[in-house]
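The structure under discussion appears below in the form of structure tokens.
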Amino acid sequence: MIQSSLLKSLVSPAGTGLHVAVIMDGSGRWAERRGWPRAAGHRAGERAVRSLVEAAVEAGIGTLTLFAFSGANWRRPPAEASRLMEIFRDFFENYAAQCHSRGVRVSVIGRRGRLPGALLSAIERAEQATADCTRLHLRLAIDYSARDALIDAAARLAASSDRSPQGFAQALAEAIHEAAPAPDVDLLIRTGGEQRLSDCLLWEGAFAEIIFSDCLWPDFGKAELAAALAEFHRRERRFGGASEAIAG
Ligand code: IPE
Ligand code: IPE
Ligand code: MG
């Protein structure tokens with residue numbers, strides 16, 4: 001269980017459960033270090049996703065966005081990209097579709113037109129099966145590029161009369177196939193040791209606390225999530241204002 005001293009950190013400024021996003025990096029190296037094919041790392045990464053979802057439910061997180069495949073990842077060898085698409089399909093058919101019993105709403109953000117048809121059907125079935133769940137919103141970012149989404153949203157905004165930040169956020173949500181915007185990201189975790197954003201949630205993460213972890217994604221579990229939440233809780237978020245300690 002997450003310690004009670006952490007509970008304060010589990011509420012975002014919006015008053016909803018925290019929005020935690022994870023750039024799940026390092027699965028290829030995890031396999032290579034064992035002398036295994038990279039696909040074995042991606043398979044282990046999928047198991048890590050399942051256990052993180054359980055941990056996120058237990059921790060009371062409101063929204064969990066997991067970056068699984070970027071628009072730029074189409075530069076990978078076709079065999080690796082295909083293997084990933086098969087693993088995603090298995091995830092949606094054999095896990096996400098049953099998330100209703102956990103109260104987990106599943107959705108996918110990103111472009112859909114380049115995904116294999118069987119994966120797309122599995123995604124749509126899981127989304128429909130869990131549409132009324134409210135305990136945790138699990139968003140898988142697949143063929144997702146924040147820049148592409150921003151460009152799409154800008155075009156939508158140009159055709160709209162609402163040019164407010166809220167109007168833009170709505171246009172951005174629609175650009176990634178969401179009916180409404182998710183709350184801003186509170187905590188962004190990147191595993192795998194690299195310290196970069198790789199085109200992840202550039203608008204929604206404007207005020208995110210960022211944690212870079214050396215842990216390779218398949219090794220990231222409940223204890224690592226608890227440690228990241230503890231670190232998040234130790235930080236003072238100022239949103240451009242003065243420090244509480246000196247503001248008086
Ligand atoms: C992240 O792991 C998963 C995807 C980008 C699809 P990687 O496959 O990038 O793993 P490393 O960084 O090569 O170890
Ligand atoms: C970021 O990992 C994207 C995902 C985890 C889905 P990459 O391995 O693709 O990022 P780079 O190439 O190191 O920037
Ligand atoms: Mg990588």
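Ordering of the structure tokens sets the chain letters (A, B, ...), residue numbers begin anew at 1 in every chain, and ligands are numbered from 1 in the order given.
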Query raised in the report: Near A:Gly62, within 10 Å and counting only C-alpha atoms, which residues show up once chain neighbours fewer than 5 positions away are dropped, as a list in words?
Result: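 In the requested form, the answer reads Leu10, Val11, Ser12, Thr16, Gly17, Leu18, His19, Val20, Ala56, Val57, Val104, Thr134, Arg135, Leu136, His137, Leu138, Ala182 and Pro183 of chain A.
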Selection to disk with N, CA and C atoms, as a short mmCIF file (atom, residue, chain, number, x, y, z; two decimals), in the first residue's frame:
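Listed below is the output, part04.cif:
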data_model
loop_
_atom_site.label_atom_id
_atom_site.label_comp_id
_atom_site.auth_asym_id
_atom_site.auth_seq_id
_atom_site.Cartn_x
_atom_site.Cartn_y
_atom_site.Cartn_z
N LEU A 10 -1.83 12.69 -4.02
CA LEU A 10 -2.63 11.97 -5.00
C LEU A 10 -3.79 12.80 -5.53
N VAL A 11 -3.84 14.08 -5.16
CA VAL A 11 -4.87 14.97 -5.67
C VAL A 11 -4.19 16.06 -6.49
N SER A 12 -4.67 16.26 -7.72
CA SER A 12 -4.08 17.27 -8.58
C SER A 12 -4.69 18.63 -8.26
N THR A 16 -8.99 16.51 -9.01
CA THR A 16 -9.23 15.13 -9.45
C THR A 16 -8.02 14.29 -9.05
N GLY A 17 -8.09 12.98 -9.29
CA GLY A 17 -6.91 12.15 -9.04
C GLY A 17 -5.76 12.62 -9.92
N LEU A 18 -4.56 12.35 -9.48
CA LEU A 18 -3.37 12.78 -10.23
C LEU A 18 -3.37 12.23 -11.66
N HIS A 19 -2.78 13.02 -12.55
CA HIS A 19 -2.49 12.52 -13.90
C HIS A 19 -1.00 12.19 -13.94
N VAL A 20 -0.72 10.92 -14.03
CA VAL A 20 0.66 10.43 -14.13
C VAL A 20 0.88 9.93 -15.56
N ALA A 56 -1.53 1.50 -10.02
CA ALA A 56 -2.12 2.84 -10.16
C ALA A 56 -3.52 2.88 -9.57
N VAL A 57 -4.28 1.80 -9.77
CA VAL A 57 -5.62 1.72 -9.17
C VAL A 57 -5.49 1.77 -7.66
N VAL A 104 -11.56 0.39 -14.64
CA VAL A 104 -10.58 1.13 -15.43
C VAL A 104 -11.13 1.42 -16.82
N THR A 134 -14.96 4.69 -14.06
CA THR A 134 -14.53 6.00 -13.55
C THR A 134 -13.39 5.93 -12.52
N ARG A 135 -12.94 4.73 -12.16
CA ARG A 135 -11.93 4.64 -11.10
C ARG A 135 -10.58 5.15 -11.58
N LEU A 136 -10.17 4.73 -12.74
CA LEU A 136 -8.90 5.15 -13.34
C LEU A 136 -9.12 5.28 -14.84
N HIS A 137 -8.58 6.35 -15.42
CA HIS A 137 -8.59 6.47 -16.88
C HIS A 137 -7.20 6.10 -17.39
N LEU A 138 -7.12 4.97 -18.05
CA LEU A 138 -5.86 4.49 -18.61
C LEU A 138 -5.81 4.87 -20.08
N ALA A 182 -8.02 15.58 -21.13
CA ALA A 182 -7.64 15.01 -19.84
C ALA A 182 -7.06 16.16 -19.00
N PRO A 183 -7.02 15.99 -17.67
CA PRO A 183 -6.36 17.04 -16.88
C PRO A 183 -4.88 17.15 -17.26
#
Counting only C-alpha atoms and all ligand atoms, what are the residues of chain A within 10 Å of ligand 3, and for each of them which pair of atoms is the nearest and at what distance in Å, to one decimal? Sort the table by chain and rising number, as a tab-separated table.
residue	atom	partner	partner_atom_place_in_ligand_line	distance
A:Ile23	CA	ligand 3	1 (Mg)	9.2
A:Met24	CA	ligand 3	1 (Mg)	8.1
A:Asp25	CA	ligand 3	1 (Mg)	4.8
A:Gly26	CA	ligand 3	1 (Mg)	5.3
A:Ser27	CA	ligand 3	1 (Mg)	7.3
A:Gly28	CA	ligand 3	1 (Mg)	7.0
A:Arg29	CA	ligand 3	1 (Mg)	8.0
A:Asn73	CA	ligand 3	1 (Mg)	9.2
A:Thr191	CA	ligand 3	1 (Mg)	9.3
A:Gly192	CA	ligand 3	1 (Mg)	7.2
A:Gly193	CA	ligand 3	1 (Mg)	9.3
A:Glu194	CA	ligand 3	1 (Mg)	8.1
A:Ser198	CA	ligand 3	1 (Mg)	9.4
A:Leu216	CA	ligand 3	1 (Mg)	9.7
A:Trp217	CA	ligand 3	1 (Mg)	9.7
Query raised in the report: Hey, can you check how far atom CA of A:His233 sits from atom CA of A:Ala21?
Result: 15.7 Å
Which of stretch 52-241 of chain A fall in alpha helix (DSSP H), as a PDB file with C-alpha atoms, in the first residue's frame:
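Okay, this is what ended up in states_13.pdb:
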ATOM      1  CA  LEU A  52       1.498  -0.803 -13.193  1.00  0.00           C
ATOM      2  CA  VAL A  53      -2.210  -0.468 -13.933  1.00  0.00           C
ATOM      3  CA  GLU A  54      -2.992  -2.514 -10.812  1.00  0.00           C
ATOM      4  CA  ALA A  55      -0.600  -0.358  -8.765  1.00  0.00           C
ATOM      5  CA  ALA A  56      -2.115   2.837 -10.156  1.00  0.00           C
ATOM      6  CA  VAL A  57      -5.621   1.722  -9.174  1.00  0.00           C
ATOM      7  CA  GLU A  58      -4.368   0.897  -5.681  1.00  0.00           C
ATOM      8  CA  ALA A  59      -2.605   4.267  -5.425  1.00  0.00           C
ATOM      9  CA  PRO A  78       9.378  -3.233 -39.797  1.00  0.00           C
ATOM     10  CA  ALA A  79       9.685  -6.571 -37.973  1.00  0.00           C
ATOM     11  CA  GLU A  80      10.051  -4.804 -34.604  1.00  0.00           C
ATOM     12  CA  ALA A  81       7.135  -2.444 -35.311  1.00  0.00           C
ATOM     13  CA  SER A  82       4.946  -5.405 -36.365  1.00  0.00           C
ATOM     14  CA  ARG A  83       5.855  -7.349 -33.246  1.00  0.00           C
ATOM     15  CA  LEU A  84       4.905  -4.366 -31.106  1.00  0.00           C
ATOM     16  CA  MET A  85       1.539  -4.094 -32.883  1.00  0.00           C
ATOM     17  CA  GLU A  86       0.892  -7.798 -32.117  1.00  0.00           C
ATOM     18  CA  ILE A  87       1.778  -7.270 -28.466  1.00  0.00           C
ATOM     19  CA  PHE A  88      -0.556  -4.260 -28.295  1.00  0.00           C
ATOM     20  CA  ARG A  89      -3.339  -6.338 -29.849  1.00  0.00           C
ATOM     21  CA  ASP A  90      -2.824  -9.060 -27.260  1.00  0.00           C
ATOM     22  CA  PHE A  91      -2.933  -6.431 -24.508  1.00  0.00           C
ATOM     23  CA  PHE A  92      -6.264  -5.018 -25.715  1.00  0.00           C
ATOM     24  CA  GLU A  93      -7.842  -8.420 -26.374  1.00  0.00           C
ATOM     25  CA  ASN A  94      -6.688 -10.199 -23.222  1.00  0.00           C
ATOM     26  CA  GLY A 117      -7.089  -3.356 -38.654  1.00  0.00           C
ATOM     27  CA  ALA A 118      -7.142  -6.168 -36.084  1.00  0.00           C
ATOM     28  CA  LEU A 119      -5.442  -3.945 -33.507  1.00  0.00           C
ATOM     29  CA  LEU A 120      -7.856  -1.115 -34.211  1.00  0.00           C
ATOM     30  CA  SER A 121     -10.850  -3.430 -33.709  1.00  0.00           C
ATOM     31  CA  ALA A 122      -9.401  -4.688 -30.420  1.00  0.00           C
ATOM     32  CA  ILE A 123      -8.854  -1.092 -29.272  1.00  0.00           C
ATOM     33  CA  GLU A 124     -12.409  -0.098 -30.157  1.00  0.00           C
ATOM     34  CA  ARG A 125     -13.844  -3.130 -28.345  1.00  0.00           C
ATOM     35  CA  ALA A 126     -11.844  -2.351 -25.186  1.00  0.00           C
ATOM     36  CA  GLU A 127     -12.834   1.314 -25.318  1.00  0.00           C
ATOM     37  CA  GLN A 128     -16.511   0.421 -25.654  1.00  0.00           C
ATOM     38  CA  ALA A 129     -16.374  -2.242 -22.927  1.00  0.00           C
ATOM     39  CA  ALA A 146       2.612  15.623 -29.581  1.00  0.00           C
ATOM     40  CA  ARG A 147       3.788  17.802 -32.459  1.00  0.00           C
ATOM     41  CA  ASP A 148       1.451  16.144 -34.955  1.00  0.00           C
ATOM     42  CA  ALA A 149      -1.403  16.553 -32.460  1.00  0.00           C
ATOM     43  CA  LEU A 150      -0.581  20.248 -31.967  1.00  0.00           C
ATOM     44  CA  ILE A 151      -0.558  20.850 -35.736  1.00  0.00           C
ATOM     45  CA  ASP A 152      -3.890  19.034 -36.120  1.00  0.00           C
ATOM     46  CA  ALA A 153      -5.357  21.027 -33.203  1.00  0.00           C
ATOM     47  CA  ALA A 154      -4.136  24.310 -34.699  1.00  0.00           C
ATOM     48  CA  ALA A 155      -5.977  23.513 -37.930  1.00  0.00           C
ATOM     49  CA  ARG A 156      -9.134  22.657 -35.964  1.00  0.00           C
ATOM     50  CA  LEU A 157      -8.833  25.910 -33.984  1.00  0.00           C
ATOM     51  CA  ALA A 158      -8.505  27.955 -37.150  1.00  0.00           C
ATOM     52  CA  PRO A 165      -6.879  27.982 -24.216  1.00  0.00           C
ATOM     53  CA  GLN A 166      -9.878  25.812 -23.291  1.00  0.00           C
ATOM     54  CA  GLY A 167     -10.946  25.791 -26.934  1.00  0.00           C
ATOM     55  CA  PHE A 168      -7.448  24.761 -27.940  1.00  0.00           C
ATOM     56  CA  ALA A 169      -7.352  22.001 -25.319  1.00  0.00           C
ATOM     57  CA  GLN A 170     -10.661  20.685 -26.702  1.00  0.00           C
ATOM     58  CA  ALA A 171      -9.308  20.787 -30.266  1.00  0.00           C
ATOM     59  CA  LEU A 172      -6.191  18.958 -29.091  1.00  0.00           C
ATOM     60  CA  ALA A 173      -8.311  16.296 -27.386  1.00  0.00           C
ATOM     61  CA  GLU A 174     -10.247  15.735 -30.597  1.00  0.00           C
ATOM     62  CA  ALA A 175      -6.987  15.565 -32.574  1.00  0.00           C
ATOM     63  CA  LYS A 222       4.862  -1.003  -7.694  1.00  0.00           C
ATOM     64  CA  ALA A 223       7.855  -0.042  -5.544  1.00  0.00           C
ATOM     65  CA  GLU A 224       9.255   2.229  -8.255  1.00  0.00           C
ATOM     66  CA  LEU A 225       5.850   3.919  -8.658  1.00  0.00           C
ATOM     67  CA  ALA A 226       5.632   4.466  -4.898  1.00  0.00           C
ATOM     68  CA  ALA A 227       9.144   5.972  -4.894  1.00  0.00           C
ATOM     69  CA  ALA A 228       8.243   8.310  -7.762  1.00  0.00           C
ATOM     70  CA  LEU A 229       5.073   9.427  -5.964  1.00  0.00           C
ATOM     71  CA  ALA A 230       7.111  10.038  -2.803  1.00  0.00           C
ATOM     72  CA  GLU A 231       9.575  12.175  -4.793  1.00  0.00           C
ATOM     73  CA  PHE A 232       6.657  14.043  -6.390  1.00  0.00           C
ATOM     74  CA  HIS A 233       5.238  14.708  -2.931  1.00  0.00           C
ATOM     75  CA  ARG A 234       8.537  16.209  -1.740  1.00  0.00           C
TER      76      ARG A 234
END
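Atom pair atom CA of A:Leu187 / atom CA of A:Glu209: separated by 4.8 Å.
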Report task. Enumerate, as a list in words, the complete set of residues in stretch 50-118 of chain A that a backbone-based DSSP assignment places in strand (DSSP E). Result ->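 Taking stretch 50-118 of chain A and keeping strand (DSSP E) only, one gets Thr63, Leu64, Thr65, Leu66, Phe67, Ala68, Phe69, Ser70, Val104, Arg105, Val106, Ser107, Val108 and Ile109 of chain A.
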Just write the chosen residues, N, CA and C atoms, as a compact mmCIF listing (two decimals), in the first residue's frame.
# COMPACT_ATOMS: atom_id res chain seq x y z
N THR A 63 -5.64 9.51 -13.67
CA THR A 63 -5.38 9.30 -15.10
C THR A 63 -3.95 8.79 -15.25
N LEU A 64 -3.79 7.74 -16.03
CA LEU A 64 -2.47 7.17 -16.28
C LEU A 64 -2.28 7.12 -17.79
N THR A 65 -1.34 7.92 -18.30
CA THR A 65 -1.06 7.91 -19.74
C THR A 65 0.27 7.21 -19.98
N LEU A 66 0.25 6.16 -20.77
CA LEU A 66 1.45 5.37 -21.02
C LEU A 66 1.87 5.51 -22.47
N PHE A 67 3.08 6.04 -22.68
CA PHE A 67 3.58 6.25 -24.05
C PHE A 67 4.17 4.92 -24.52
N ALA A 68 3.45 4.30 -25.45
CA ALA A 68 3.82 2.94 -25.88
C ALA A 68 4.50 2.91 -27.24
N PHE A 69 4.13 3.85 -28.14
CA PHE A 69 4.70 3.82 -29.50
C PHE A 69 4.55 5.22 -30.07
N SER A 70 5.67 5.83 -30.41
CA SER A 70 5.62 7.21 -30.91
C SER A 70 5.49 7.23 -32.43
N VAL A 104 -11.56 0.39 -14.64
CA VAL A 104 -10.58 1.13 -15.43
C VAL A 104 -11.13 1.42 -16.82
N ARG A 105 -11.21 2.69 -17.16
CA ARG A 105 -11.59 3.09 -18.52
C ARG A 105 -10.35 3.13 -19.38
N VAL A 106 -10.39 2.47 -20.50
CA VAL A 106 -9.23 2.38 -21.39
C VAL A 106 -9.49 3.20 -22.64
N SER A 107 -8.51 4.00 -23.02
CA SER A 107 -8.62 4.66 -24.33
C SER A 107 -7.24 4.78 -24.95
N VAL A 108 -7.25 5.05 -26.24
CA VAL A 108 -5.98 5.16 -26.98
C VAL A 108 -5.91 6.55 -27.58
N ILE A 109 -4.76 7.19 -27.37
CA ILE A 109 -4.54 8.51 -27.99
C ILE A 109 -3.49 8.38 -29.08
Query raised in the report: Nearest to A:Ser101: which of A:Cys133, A:Ala180, A:Ala72, A:Ala31 is it, counting only C-alpha atoms?
Result: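 Of A:Cys133, A:Ala180, A:Ala72, A:Ala31, the one nearest A:Ser101, counting only C-alpha atoms, is A:Cys133.
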Query raised in the report: If you measure from atom 8 (O, counted along the ligand's line) of ligand 1 to atom CA of A:His42, what distance in Å do you get, rounded to one decimal?
Result: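 Atom-to-atom, atom 8 (O, counted along the ligand's line) of ligand 1 to atom CA of A:His42, that is 7.0 Å.
For the set A:Ala208, A:Leu197, A:Leu188, A:Val49, the residue with the smallest atom-to-atom gap to ligand 2 is A:Leu197, counting only C-alpha atoms and all ligand atoms.
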Within 10 Å of A:Arg237 using only C-alpha atoms, minus same-chain residues under 6 positions, as a PDB file with N, CA, C and O atoms, in the first residue's frame:
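Result file around_21.pdb:
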ATOM      1  N   PRO A  13      -4.109  19.723  -8.769  1.00  0.00           N
ATOM      2  CA  PRO A  13      -4.694  21.045  -8.520  1.00  0.00           C
ATOM      3  C   PRO A  13      -6.143  21.119  -9.004  1.00  0.00           C
ATOM      4  O   PRO A  13      -6.931  21.888  -8.489  1.00  0.00           O
ATOM      5  N   ASP A 186       0.404  15.841 -14.080  1.00  0.00           N
ATOM      6  CA  ASP A 186       1.032  16.264 -12.822  1.00  0.00           C
ATOM      7  C   ASP A 186       2.450  15.724 -12.718  1.00  0.00           C
ATOM      8  O   ASP A 186       3.368  16.436 -12.327  1.00  0.00           O
ATOM      9  N   PHE A 207       3.304  21.977 -17.036  1.00  0.00           N
ATOM     10  CA  PHE A 207       3.711  22.187 -15.641  1.00  0.00           C
ATOM     11  C   PHE A 207       3.975  20.862 -14.917  1.00  0.00           C
ATOM     12  O   PHE A 207       3.938  20.797 -13.692  1.00  0.00           O
ATOM     13  N   ALA A 208       4.248  19.826 -15.692  1.00  0.00           N
ATOM     14  CA  ALA A 208       4.480  18.511 -15.075  1.00  0.00           C
ATOM     15  C   ALA A 208       5.790  18.497 -14.289  1.00  0.00           C
ATOM     16  O   ALA A 208       6.792  19.074 -14.728  1.00  0.00           O
ATOM     17  N   GLU A 209       5.767  17.837 -13.170  1.00  0.00           N
ATOM     18  CA  GLU A 209       7.012  17.466 -12.489  1.00  0.00           C
ATOM     19  C   GLU A 209       7.593  16.280 -13.262  1.00  0.00           C
ATOM     20  O   GLU A 209       6.861  15.357 -13.617  1.00  0.00           O
ATOM     21  N   SER A 243       7.461  30.952  -3.900  1.00  0.00           N
ATOM     22  CA  SER A 243       7.510  29.820  -2.988  1.00  0.00           C
ATOM     23  C   SER A 243       6.621  30.088  -1.781  1.00  0.00           C
ATOM     24  O   SER A 243       6.608  31.185  -1.241  1.00  0.00           O
ATOM     25  N   GLU A 244       5.865  29.041  -1.369  1.00  0.00           N
ATOM     26  CA  GLU A 244       5.026  29.174  -0.166  1.00  0.00           C
ATOM     27  C   GLU A 244       5.869  29.576   1.026  1.00  0.00           C
ATOM     28  O   GLU A 244       5.464  30.330   1.876  1.00  0.00           O
TER      29      GLU A 244
END
Query - Which residue of A:Ile176, A:Ala159, A:Cys215, A:Leu202 approaches ligand 1 most closely, using only C-alpha atoms and all ligand atoms - result: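 Closest residue, counting only C-alpha atoms and all ligand atoms: A:Cys215.
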